[in-house]
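The next block is upload-v5.txt, given as compact mmCIF, C-alpha atoms.
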```txt
# COMPACT_ATOMS: atom_id res chain seq x y z
CA MET V 287 10.10 -18.97 10.14
CA ALA V 288 9.10 -22.62 10.45
CA GLU V 289 5.47 -21.94 11.43
CA CYS V 290 4.73 -19.09 9.01
CA ILE V 291 2.15 -20.11 6.39
CA PHE V 292 3.47 -17.62 3.82
CA CYS V 293 7.05 -18.86 4.33
CA LYS V 294 5.71 -22.38 3.70
CA ILE V 295 4.03 -21.19 0.48
CA VAL V 296 7.27 -19.51 -0.61
CA ALA V 297 9.14 -22.76 0.15
CA GLY V 298 6.62 -24.78 -1.88
CA GLU V 299 5.51 -26.75 1.18
CA ILE V 300 1.96 -25.44 0.84
CA PRO V 301 0.52 -25.16 -2.69
CA CYS V 302 -0.68 -21.89 -4.18
CA THR V 303 -2.00 -20.60 -7.48
CA LYS V 304 0.97 -18.53 -8.54
CA VAL V 305 0.36 -15.29 -10.44
CA TYR V 306 3.83 -13.71 -10.48
CA GLU V 307 7.27 -14.57 -9.17
CA ASP V 308 10.71 -13.05 -9.28
CA GLU V 309 13.86 -13.47 -7.22
CA LYS V 310 12.53 -11.56 -4.22
CA ILE V 311 8.74 -11.69 -4.51
CA LEU V 312 5.93 -14.25 -4.85
CA ALA V 313 2.31 -13.37 -5.76
CA PHE V 314 -0.55 -15.85 -5.54
CA GLU V 315 -4.35 -15.97 -5.42
CA ASP V 316 -6.00 -15.33 -2.05
CA ILE V 317 -7.89 -18.51 -1.05
CA GLN V 318 -10.75 -16.39 0.37
CA PRO V 319 -11.07 -13.70 -2.32
CA LEU V 320 -13.01 -10.52 -1.55
CA ALA V 321 -13.34 -9.64 -5.24
CA PRO V 322 -12.93 -11.30 -8.67
CA VAL V 323 -9.23 -10.44 -8.52
CA HIS V 324 -7.60 -10.79 -5.09
CA ILE V 325 -3.90 -11.49 -5.13
CA ILE V 326 -1.47 -11.68 -2.20
CA VAL V 327 2.01 -10.29 -2.86
CA VAL V 328 4.72 -11.28 -0.36
CA PRO V 329 8.44 -10.75 -0.03
CA LYS V 330 10.14 -14.15 0.01
CA ARG V 331 12.20 -13.00 2.97
CA HIS V 332 10.17 -13.06 6.19
CA VAL V 333 9.30 -9.65 7.60
CA SER V 334 6.42 -9.44 10.08
CA THR V 335 4.83 -6.06 9.33
CA ILE V 336 5.37 -2.90 7.32
CA MET V 337 6.90 -1.39 10.47
CA ASP V 338 9.68 -4.00 10.30
CA ILE V 339 11.03 -3.19 6.84
CA GLU V 340 13.33 -0.38 7.93
CA ASP V 341 16.79 0.22 6.59
CA ALA V 342 17.96 -3.38 6.35
CA GLU V 343 15.27 -4.07 3.77
CA GLY V 344 15.89 -1.00 1.69
CA ASP V 345 14.90 -2.48 -1.67
CA MET V 346 11.78 -4.27 -0.47
CA PRO V 347 9.31 -1.40 -1.08
CA ALA V 348 10.42 -1.01 -4.71
CA GLU V 349 10.35 -4.80 -5.19
CA LEU V 350 6.80 -4.94 -3.79
CA PHE V 351 5.61 -1.97 -5.90
CA ASN V 352 7.12 -3.49 -9.03
CA ALA V 353 5.38 -6.80 -8.32
CA VAL V 354 2.07 -5.01 -7.68
CA ARG V 355 2.31 -3.38 -11.11
CA GLN V 356 3.15 -6.70 -12.74
CA VAL V 357 0.23 -8.40 -11.00
CA ALA V 358 -2.13 -5.59 -12.07
CA ARG V 359 -1.09 -6.05 -15.70
CA ILE V 360 -1.23 -9.86 -15.59
CA THR V 361 -4.72 -9.89 -14.06
CA GLY V 362 -5.95 -7.06 -16.32
CA VAL V 363 -6.99 -4.68 -13.53
CA ASP V 364 -4.38 -2.03 -14.34
CA GLU V 365 -6.64 0.03 -16.61
CA PRO V 366 -10.08 -0.46 -14.96
CA GLY V 367 -8.45 -0.01 -11.58
CA PHE V 368 -7.62 -1.79 -8.36
CA ARG V 369 -6.91 -1.30 -4.66
CA VAL V 370 -3.67 -2.00 -2.83
CA VAL V 371 -4.05 -2.76 0.89
CA ILE V 372 -1.47 -3.51 3.56
CA ASN V 373 -2.84 -4.35 7.00
CA SER V 374 -0.62 -3.92 10.04
CA ASN V 375 -1.24 -5.38 13.51
CA ARG V 376 -4.57 -5.83 15.29
CA ASP V 377 -6.48 -2.65 14.43
CA GLY V 378 -5.41 -3.01 10.80
CA GLY V 379 -6.85 -6.50 10.61
CA GLN V 380 -3.53 -8.27 9.98
CA ILE V 381 -4.01 -12.02 10.47
CA ILE V 382 -0.81 -13.53 9.07
CA PHE V 383 2.32 -11.88 10.39
CA HIS V 384 4.36 -12.09 7.22
CA LEU V 385 4.17 -8.75 5.43
CA HIS V 386 1.77 -9.02 2.49
CA VAL V 387 0.13 -6.68 0.01
CA HIS V 388 -3.43 -7.29 -1.16
CA VAL V 389 -4.15 -6.41 -4.81
CA ILE V 390 -7.93 -6.29 -5.23
CA GLY V 391 -9.99 -5.58 -8.32
CA GLY V 392 -12.27 -6.94 -11.00
CA ARG V 393 -15.26 -4.95 -9.77
CA LYS V 394 -15.98 -1.37 -8.64
CA LEU V 395 -14.74 -1.23 -5.05
CA SER V 396 -16.56 0.69 -2.33
CA ASP V 397 -15.44 4.06 -1.06
CA GLY V 398 -15.08 2.63 2.42
CA LEU V 399 -11.58 1.61 3.34
CA GLY V 400 -12.47 -0.30 6.51
CA MET A 85 0.31 20.15 -12.58
CA ALA A 86 -1.48 23.47 -12.24
CA GLU A 87 -4.93 22.00 -11.57
CA CYS A 88 -3.91 19.18 -9.21
CA ILE A 89 -5.23 19.75 -5.68
CA PHE A 90 -2.41 17.74 -4.07
CA CYS A 91 0.21 19.69 -6.03
CA LYS A 92 -1.42 22.87 -4.70
CA ILE A 93 -1.23 21.51 -1.14
CA VAL A 94 2.45 20.62 -1.67
CA ALA A 95 3.04 24.15 -3.00
CA GLY A 96 1.31 25.69 0.01
CA GLU A 97 -1.44 27.22 -2.15
CA ILE A 98 -4.11 25.19 -0.34
CA PRO A 99 -3.74 24.80 3.44
CA CYS A 100 -3.44 21.43 5.14
CA THR A 101 -2.86 20.05 8.61
CA LYS A 102 0.64 18.71 8.16
CA VAL A 103 1.64 15.52 9.97
CA TYR A 104 5.02 14.72 8.41
CA GLU A 105 7.26 16.22 5.76
CA ASP A 106 10.64 15.48 4.25
CA GLU A 107 12.40 16.47 1.05
CA LYS A 108 10.32 14.15 -1.14
CA ILE A 109 7.11 13.50 0.79
CA LEU A 110 4.25 15.41 2.46
CA ALA A 111 1.69 13.83 4.81
CA PHE A 112 -1.44 15.62 6.00
CA GLU A 113 -4.83 14.93 7.57
CA ASP A 114 -7.62 13.79 5.24
CA ILE A 115 -10.38 16.41 5.35
CA GLN A 116 -13.05 13.67 5.23
CA PRO A 117 -11.57 11.12 7.63
CA LEU A 118 -12.94 7.57 7.64
CA ALA A 119 -11.39 6.81 11.05
CA PRO A 120 -9.89 8.70 14.03
CA VAL A 121 -6.53 8.65 12.22
CA HIS A 122 -6.70 9.17 8.44
CA ILE A 123 -3.59 10.63 6.88
CA ILE A 124 -2.81 11.20 3.21
CA VAL A 125 0.81 10.62 2.20
CA VAL A 126 1.87 12.04 -1.19
CA PRO A 127 5.09 12.29 -3.15
CA LYS A 128 5.81 15.97 -3.77
CA ARG A 129 6.57 15.14 -7.38
CA HIS A 130 3.37 14.62 -9.37
CA VAL A 131 2.71 11.01 -10.42
CA SER A 132 -0.85 10.08 -11.37
CA THR A 133 -1.19 6.48 -10.18
CA ILE A 134 0.84 3.60 -8.77
CA MET A 135 1.11 2.30 -12.35
CA ASP A 136 3.06 5.44 -13.29
CA ILE A 137 5.93 5.12 -10.83
CA GLU A 138 8.06 2.79 -12.95
CA ASP A 139 11.80 3.03 -13.29
CA ALA A 140 12.14 6.80 -13.43
CA GLU A 141 10.78 7.06 -9.89
CA GLY A 142 12.92 4.30 -8.43
CA ASP A 143 13.22 5.70 -4.91
CA MET A 144 9.57 6.71 -4.55
CA PRO A 145 8.29 3.42 -3.06
CA ALA A 146 10.93 3.46 -0.32
CA GLU A 147 10.28 7.15 0.34
CA LEU A 148 6.54 6.47 0.67
CA PHE A 149 7.06 3.43 2.92
CA ASN A 150 9.44 5.39 5.13
CA ALA A 151 6.89 8.21 5.44
CA VAL A 152 4.11 5.72 6.23
CA ARG A 153 6.18 4.34 9.12
CA GLN A 154 6.93 7.86 10.38
CA VAL A 155 3.25 8.80 10.18
CA ALA A 156 2.25 5.61 12.04
CA ARG A 157 4.66 6.46 14.86
CA ILE A 158 3.69 10.14 15.01
CA THR A 159 -0.03 9.35 15.18
CA GLY A 160 0.47 6.44 17.61
CA VAL A 161 -1.15 3.76 15.44
CA ASP A 162 2.05 1.77 14.88
CA GLU A 163 1.53 -0.61 17.82
CA PRO A 164 -2.30 -0.96 17.87
CA GLY A 165 -2.27 -1.21 14.09
CA PHE A 166 -3.35 0.53 10.94
CA ARG A 167 -4.26 0.02 7.28
CA VAL A 168 -2.39 1.31 4.25
CA VAL A 169 -4.51 1.79 1.13
CA ILE A 170 -3.60 2.93 -2.37
CA ASN A 171 -6.49 3.29 -4.82
CA SER A 172 -5.79 3.19 -8.53
CA ASN A 173 -8.18 4.30 -11.29
CA ARG A 174 -11.97 3.95 -11.40
CA ASP A 175 -12.58 0.47 -9.95
CA GLY A 176 -10.12 1.23 -7.15
CA GLY A 177 -12.02 4.35 -6.17
CA GLN A 178 -9.24 6.81 -6.97
CA ILE A 179 -10.66 10.33 -7.01
CA ILE A 180 -7.59 12.56 -7.10
CA PHE A 181 -5.08 11.56 -9.75
CA HIS A 182 -1.96 12.36 -7.79
CA LEU A 183 -0.62 9.15 -6.27
CA HIS A 184 -1.47 9.04 -2.56
CA VAL A 185 -1.32 6.55 0.27
CA HIS A 186 -4.05 6.44 2.92
CA VAL A 187 -2.87 5.62 6.45
CA ILE A 188 -5.95 4.70 8.48
CA GLY A 189 -6.26 3.74 12.14
CA GLY A 190 -7.36 4.70 15.63
CA ARG A 191 -10.06 2.04 15.74
CA LYS A 192 -10.43 -1.64 14.85
CA LEU A 193 -10.89 -1.69 11.09
CA SER A 194 -13.26 -4.08 9.36
CA ASP A 195 -12.12 -7.23 7.56
CA GLY A 196 -13.64 -5.91 4.34
CA LEU A 197 -11.21 -4.22 2.03
CA GLY A 198 -13.79 -2.71 -0.32
```
As structure tokens, please, write out the structure in this file.
Amino acid sequence: MAECIFCKIVAGEIPCTKVYEDEKILAFEDIQPLAPVHIIVVPKRHVSTIMDIEDAEGDMPAELFNAVRQVARITGVDEPGFRVVINSNRDGGQIIFHLHVHVIGGRKLSDGLG
Amino acid sequence: MAECIFCKIVAGEIPCTKVYEDEKILAFEDIQPLAPVHIIVVPKRHVSTIMDIEDAEGDMPAELFNAVRQVARITGVDEPGFRVVINSNRDGGQIIFHLHVHVIGGRKLSDGLG
């Protein structure tokens, strides 16, 4: 996806502050953090939304969950706690249409979920 | 887990308004909805938090993601959009320590994620 900003980050064409990486996943700091810890976790392979994972991407959920756990440990939010958010399409507030998981923590988060 | 409210819902000991069910997953309406659509998706097997899935629960992420997509279609939020939220531990705002995924939609959600 030539015009996808997250594909460009995965390709190294746009810099990021990397937090975790494995063969399938890249995690990096959000440039507009909403909390002391705010990490974006993306599959390296371009998928637009959570609705587009489907059968062909069977391992992607486990790869994302594994990366979320790694990121939580690396950033130290695993014990105090954190929030995982995936926005999908307009009502969900999705801005970049490359599936991404927000890992947010470092402070007590509100009870509101949007 | 005899005292877990979500285990009791899975066991049918506490009623719920069921939205989706398969062999591994149950999805039901949140009793204190934060939006017109607010569904709780739980694995039937008790796991406390997202940090506790690990290797022994290898298929659980895919089972949860599949159920989230089914719930989004059933409730009609798949196209307009929705938010997926998983809270973990105190800072994340987790109240019930049986892993659960919030599926929230039916209105334009805020840009704040907590």
Mobile chain A placed on reference chain V by ordered C-alpha fit, as an mmCIF file with C-alpha atoms, keeping the file's coordinate frame:
```
data_model
loop_
_atom_site.group_PDB
_atom_site.id
_atom_site.type_symbol
_atom_site.label_atom_id
_atom_site.label_comp_id
_atom_site.auth_asym_id
_atom_site.auth_seq_id
_atom_site.Cartn_x
_atom_site.Cartn_y
_atom_site.Cartn_z
ATOM 1 C CA MET A 85 10.110 -18.965 10.129
ATOM 2 C CA ALA A 86 9.109 -22.604 10.443
ATOM 3 C CA GLU A 87 5.491 -21.941 11.434
ATOM 4 C CA CYS A 88 4.740 -19.089 9.012
ATOM 5 C CA ILE A 89 2.157 -20.104 6.399
ATOM 6 C CA PHE A 90 3.479 -17.620 3.817
ATOM 7 C CA CYS A 91 7.043 -18.865 4.323
ATOM 8 C CA LYS A 92 5.716 -22.382 3.687
ATOM 9 C CA ILE A 93 4.025 -21.192 0.480
ATOM 10 C CA VAL A 94 7.278 -19.510 -0.619
ATOM 11 C CA ALA A 95 9.132 -22.762 0.136
ATOM 12 C CA GLY A 96 6.627 -24.784 -1.880
ATOM 13 C CA GLU A 97 5.506 -26.757 1.189
ATOM 14 C CA ILE A 98 1.947 -25.438 0.843
ATOM 15 C CA PRO A 99 0.524 -25.167 -2.689
ATOM 16 C CA CYS A 100 -0.683 -21.899 -4.175
ATOM 17 C CA THR A 101 -1.998 -20.602 -7.472
ATOM 18 C CA LYS A 102 0.966 -18.524 -8.540
ATOM 19 C CA VAL A 103 0.361 -15.288 -10.441
ATOM 20 C CA TYR A 104 3.824 -13.707 -10.489
ATOM 21 C CA GLU A 105 7.264 -14.559 -9.174
ATOM 22 C CA ASP A 106 10.719 -13.039 -9.269
ATOM 23 C CA GLU A 107 13.873 -13.469 -7.224
ATOM 24 C CA LYS A 108 12.527 -11.542 -4.228
ATOM 25 C CA ILE A 109 8.739 -11.690 -4.514
ATOM 26 C CA LEU A 110 5.918 -14.248 -4.850
ATOM 27 C CA ALA A 111 2.313 -13.371 -5.751
ATOM 28 C CA PHE A 112 -0.558 -15.846 -5.532
ATOM 29 C CA GLU A 113 -4.353 -15.976 -5.414
ATOM 30 C CA ASP A 114 -6.005 -15.345 -2.040
ATOM 31 C CA ILE A 115 -7.901 -18.496 -1.057
ATOM 32 C CA GLN A 116 -10.763 -16.388 0.364
ATOM 33 C CA PRO A 117 -11.072 -13.704 -2.310
ATOM 34 C CA LEU A 118 -13.030 -10.534 -1.537
ATOM 35 C CA ALA A 119 -13.341 -9.631 -5.238
ATOM 36 C CA PRO A 120 -12.940 -11.302 -8.665
ATOM 37 C CA VAL A 121 -9.223 -10.445 -8.518
ATOM 38 C CA HIS A 122 -7.597 -10.800 -5.080
ATOM 39 C CA ILE A 123 -3.887 -11.482 -5.123
ATOM 40 C CA ILE A 124 -1.470 -11.688 -2.204
ATOM 41 C CA VAL A 125 2.008 -10.298 -2.861
ATOM 42 C CA VAL A 126 4.727 -11.288 -0.360
ATOM 43 C CA PRO A 127 8.452 -10.745 -0.031
ATOM 44 C CA LYS A 128 10.139 -14.151 0.022
ATOM 45 C CA ARG A 129 12.213 -12.998 2.966
ATOM 46 C CA HIS A 130 10.186 -13.076 6.184
ATOM 47 C CA VAL A 131 9.301 -9.643 7.599
ATOM 48 C CA SER A 132 6.415 -9.450 10.064
ATOM 49 C CA THR A 133 4.825 -6.069 9.328
ATOM 50 C CA ILE A 134 5.360 -2.896 7.317
ATOM 51 C CA MET A 135 6.893 -1.391 10.474
ATOM 52 C CA ASP A 136 9.678 -3.991 10.300
ATOM 53 C CA ILE A 137 11.031 -3.188 6.848
ATOM 54 C CA GLU A 138 13.324 -0.353 7.930
ATOM 55 C CA ASP A 139 16.787 0.229 6.578
ATOM 56 C CA ALA A 140 17.951 -3.369 6.363
ATOM 57 C CA GLU A 141 15.263 -4.090 3.774
ATOM 58 C CA GLY A 142 15.897 -1.013 1.663
ATOM 59 C CA ASP A 143 14.909 -2.490 -1.696
ATOM 60 C CA MET A 144 11.783 -4.274 -0.464
ATOM 61 C CA PRO A 145 9.308 -1.412 -1.071
ATOM 62 C CA ALA A 146 10.414 -1.023 -4.691
ATOM 63 C CA GLU A 147 10.345 -4.795 -5.183
ATOM 64 C CA LEU A 148 6.792 -4.948 -3.800
ATOM 65 C CA PHE A 149 5.607 -1.983 -5.892
ATOM 66 C CA ASN A 150 7.129 -3.496 -9.020
ATOM 67 C CA ALA A 151 5.371 -6.808 -8.319
ATOM 68 C CA VAL A 152 2.067 -5.013 -7.678
ATOM 69 C CA ARG A 153 2.306 -3.368 -11.110
ATOM 70 C CA GLN A 154 3.158 -6.704 -12.748
ATOM 71 C CA VAL A 155 0.237 -8.398 -10.998
ATOM 72 C CA ALA A 156 -2.135 -5.593 -12.064
ATOM 73 C CA ARG A 157 -1.092 -6.047 -15.696
ATOM 74 C CA ILE A 158 -1.218 -9.852 -15.590
ATOM 75 C CA THR A 159 -4.706 -9.886 -14.066
ATOM 76 C CA GLY A 160 -5.961 -7.061 -16.318
ATOM 77 C CA VAL A 161 -6.992 -4.684 -13.524
ATOM 78 C CA ASP A 162 -4.380 -2.031 -14.329
ATOM 79 C CA GLU A 163 -6.635 0.033 -16.616
ATOM 80 C CA PRO A 164 -10.073 -0.447 -14.958
ATOM 81 C CA GLY A 165 -8.437 -0.008 -11.569
ATOM 82 C CA PHE A 166 -7.621 -1.779 -8.358
ATOM 83 C CA ARG A 167 -6.914 -1.294 -4.650
ATOM 84 C CA VAL A 168 -3.674 -2.001 -2.821
ATOM 85 C CA VAL A 169 -4.048 -2.768 0.885
ATOM 86 C CA ILE A 170 -1.471 -3.511 3.565
ATOM 87 C CA ASN A 171 -2.837 -4.358 7.015
ATOM 88 C CA SER A 172 -0.616 -3.926 10.039
ATOM 89 C CA ASN A 173 -1.249 -5.382 13.508
ATOM 90 C CA ARG A 174 -4.581 -5.845 15.292
ATOM 91 C CA ASP A 175 -6.495 -2.653 14.436
ATOM 92 C CA GLY A 176 -5.418 -3.008 10.805
ATOM 93 C CA GLY A 177 -6.840 -6.507 10.604
ATOM 94 C CA GLN A 178 -3.538 -8.273 9.974
ATOM 95 C CA ILE A 179 -4.007 -12.008 10.456
ATOM 96 C CA ILE A 180 -0.813 -13.523 9.074
ATOM 97 C CA PHE A 181 2.329 -11.879 10.397
ATOM 98 C CA HIS A 182 4.359 -12.090 7.226
ATOM 99 C CA LEU A 183 4.173 -8.747 5.437
ATOM 100 C CA HIS A 184 1.776 -9.007 2.489
ATOM 101 C CA VAL A 185 0.130 -6.686 0.012
ATOM 102 C CA HIS A 186 -3.441 -7.295 -1.158
ATOM 103 C CA VAL A 187 -4.140 -6.419 -4.801
ATOM 104 C CA ILE A 188 -7.916 -6.281 -5.219
ATOM 105 C CA GLY A 189 -10.002 -5.593 -8.316
ATOM 106 C CA GLY A 190 -12.291 -6.939 -11.010
ATOM 107 C CA ARG A 191 -15.263 -4.927 -9.787
ATOM 108 C CA LYS A 192 -15.981 -1.371 -8.640
ATOM 109 C CA LEU A 193 -14.738 -1.233 -5.064
ATOM 110 C CA SER A 194 -16.555 0.678 -2.349
ATOM 111 C CA ASP A 195 -15.442 4.085 -1.077
ATOM 112 C CA GLY A 196 -15.069 2.632 2.412
ATOM 113 C CA LEU A 197 -11.572 1.618 3.329
ATOM 114 C CA GLY A 198 -12.466 -0.289 6.494
#
```
Query raised in the report: What are the residues of chain V that have an atom within 9 Å of an atom of chain A, counting all atoms listed in the file, as an MDAnalysis selection string?
Result: chainID V and resid 320:321 336:337 339:340 344:352 354:355 358 363:380 388 390:400
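Counting all atoms listed in the file, stretch 297-313 of chain V has the following residues at most 6 Å away, ignoring those fewer than 6 positions along the same chain: Ile326, Val327, Val328, Pro329 and Lys330 of chain V.
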Box in all listed atoms of stretch 105-115 of chain A, axis-aligned, with 5 Å more on each side; write out centre and edge lengths in Å to one decimal as JSON.
```
{"center_x": 1.0, "center_y": 15.0, "center_z": 3.2, "size_x": 32.8, "size_y": 13.0, "size_z": 18.7}
```
Query raised in the report: Could you state the separation of atom CA of V:Ala353 and atom CA of A:Phe90 in Å, given to one decimal place?
Result: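 Value for the atom CA of V:Ala353-atom CA of A:Phe90 distance: 26.1 Å.
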Report task. State, in Å with one decimal place, the distance from atom CA of V:His332 to atom CA of V:Gln318. Result ->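 Taking atom CA of V:His332 as the start and atom CA of V:Gln318 as the end point, the length is 22.0 Å.
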Query - Interatomic distance, atom CA of V:Ile382 to atom CA of V:Val333 (Å, one decimal) - result: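 If I compute the distance from atom CA of V:Ile382 to atom CA of V:Val333, I get 10.9 Å.
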Test item: write stretch 113-141 of chain A with N, CA and C atoms as an mmCIF file, in the first residue's frame:
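Writing done, so here's part14.cif:
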```cif
data_model
loop_
_atom_site.group_PDB
_atom_site.id
_atom_site.type_symbol
_atom_site.label_atom_id
_atom_site.label_comp_id
_atom_site.auth_asym_id
_atom_site.auth_seq_id
_atom_site.Cartn_x
_atom_site.Cartn_y
_atom_site.Cartn_z
ATOM 1 N N GLU A 113 -25.413 -8.387 25.879
ATOM 2 C CA GLU A 113 -25.520 -6.937 26.065
ATOM 3 C C GLU A 113 -24.979 -6.522 27.428
ATOM 4 N N ASP A 114 -24.187 -5.425 27.431
ATOM 5 C CA ASP A 114 -23.743 -4.843 28.709
ATOM 6 C C ASP A 114 -24.971 -4.271 29.427
ATOM 7 N N ILE A 115 -25.080 -4.498 30.728
ATOM 8 C CA ILE A 115 -26.273 -4.012 31.438
ATOM 9 C C ILE A 115 -26.170 -2.519 31.771
ATOM 10 N N GLN A 116 -24.983 -1.940 31.601
ATOM 11 C CA GLN A 116 -24.816 -0.492 31.780
ATOM 12 C C GLN A 116 -24.158 0.078 30.533
ATOM 13 N N PRO A 117 -24.914 0.084 29.413
ATOM 14 C CA PRO A 117 -24.305 0.431 28.122
ATOM 15 C C PRO A 117 -23.821 1.878 28.067
ATOM 16 N N LEU A 118 -22.671 2.068 27.434
ATOM 17 C CA LEU A 118 -22.081 3.391 27.248
ATOM 18 C C LEU A 118 -22.424 3.965 25.879
ATOM 19 N N ALA A 119 -23.139 3.201 25.067
ATOM 20 C CA ALA A 119 -23.500 3.618 23.703
ATOM 21 C C ALA A 119 -24.694 2.759 23.273
ATOM 22 N N PRO A 120 -25.360 3.128 22.168
ATOM 23 C CA PRO A 120 -26.524 2.342 21.716
ATOM 24 C C PRO A 120 -26.210 0.861 21.523
ATOM 25 N N VAL A 121 -25.011 0.562 21.054
ATOM 26 C CA VAL A 121 -24.549 -0.833 20.989
ATOM 27 C C VAL A 121 -23.381 -0.985 21.954
ATOM 28 N N HIS A 122 -23.511 -1.865 22.922
ATOM 29 C CA HIS A 122 -22.419 -2.136 23.874
ATOM 30 C C HIS A 122 -22.525 -3.597 24.291
ATOM 31 N N ILE A 123 -21.697 -4.404 23.660
ATOM 32 C CA ILE A 123 -21.746 -5.853 23.823
ATOM 33 C C ILE A 123 -20.471 -6.318 24.531
ATOM 34 N N ILE A 124 -20.636 -7.271 25.419
ATOM 35 C CA ILE A 124 -19.511 -7.900 26.117
ATOM 36 C C ILE A 124 -19.262 -9.271 25.485
ATOM 37 N N VAL A 125 -18.030 -9.492 25.065
ATOM 38 C CA VAL A 125 -17.644 -10.766 24.448
ATOM 39 C C VAL A 125 -16.669 -11.465 25.396
ATOM 40 N N VAL A 126 -17.019 -12.678 25.830
ATOM 41 C CA VAL A 126 -16.158 -13.396 26.786
ATOM 42 C C VAL A 126 -15.828 -14.793 26.270
ATOM 43 N N PRO A 127 -14.603 -15.255 26.576
ATOM 44 C CA PRO A 127 -14.325 -16.681 26.380
ATOM 45 C C PRO A 127 -15.074 -17.458 27.456
ATOM 46 N N LYS A 128 -15.646 -18.591 27.089
ATOM 47 C CA LYS A 128 -16.367 -19.388 28.090
ATOM 48 C C LYS A 128 -15.422 -19.912 29.162
ATOM 49 N N ARG A 129 -14.209 -20.195 28.751
ATOM 50 C CA ARG A 129 -13.187 -20.651 29.706
ATOM 51 C C ARG A 129 -12.672 -19.450 30.485
ATOM 52 N N HIS A 130 -12.591 -19.585 31.812
ATOM 53 C CA HIS A 130 -12.168 -18.462 32.644
ATOM 54 C C HIS A 130 -10.684 -18.149 32.474
ATOM 55 N N VAL A 131 -10.396 -16.920 32.078
ATOM 56 C CA VAL A 131 -9.043 -16.356 32.051
ATOM 57 C C VAL A 131 -9.192 -14.976 32.661
ATOM 58 N N SER A 132 -8.288 -14.578 33.558
ATOM 59 C CA SER A 132 -8.508 -13.342 34.301
ATOM 60 C C SER A 132 -8.302 -12.079 33.455
ATOM 61 N N THR A 133 -7.154 -12.004 32.780
ATOM 62 C CA THR A 133 -6.828 -10.792 32.014
ATOM 63 C C THR A 133 -6.172 -11.186 30.699
ATOM 64 N N ILE A 134 -5.968 -10.186 29.841
ATOM 65 C CA ILE A 134 -5.301 -10.440 28.566
ATOM 66 C C ILE A 134 -3.872 -10.930 28.787
ATOM 67 N N MET A 135 -3.268 -10.603 29.928
ATOM 68 C CA MET A 135 -1.909 -11.070 30.219
ATOM 69 C C MET A 135 -1.878 -12.571 30.508
ATOM 70 N N ASP A 136 -3.036 -13.149 30.787
ATOM 71 C CA ASP A 136 -3.090 -14.557 31.197
ATOM 72 C C ASP A 136 -3.441 -15.517 30.064
ATOM 73 N N ILE A 137 -3.548 -15.004 28.845
ATOM 74 C CA ILE A 137 -3.901 -15.899 27.734
ATOM 75 C C ILE A 137 -2.731 -16.830 27.444
ATOM 76 N N GLU A 138 -1.619 -16.250 27.074
ATOM 77 C CA GLU A 138 -0.372 -17.005 26.865
ATOM 78 C C GLU A 138 -0.566 -18.232 25.988
ATOM 79 N N ASP A 139 0.407 -19.104 26.030
ATOM 80 C CA ASP A 139 0.493 -20.192 25.059
ATOM 81 C C ASP A 139 -0.607 -21.239 25.236
ATOM 82 N N ALA A 140 -1.043 -21.453 26.459
ATOM 83 C CA ALA A 140 -2.021 -22.497 26.711
ATOM 84 C C ALA A 140 -3.379 -22.182 26.091
ATOM 85 N N GLU A 141 -3.589 -20.921 25.786
ATOM 86 C CA GLU A 141 -4.864 -20.479 25.223
ATOM 87 C C GLU A 141 -4.644 -19.982 23.805
#
```
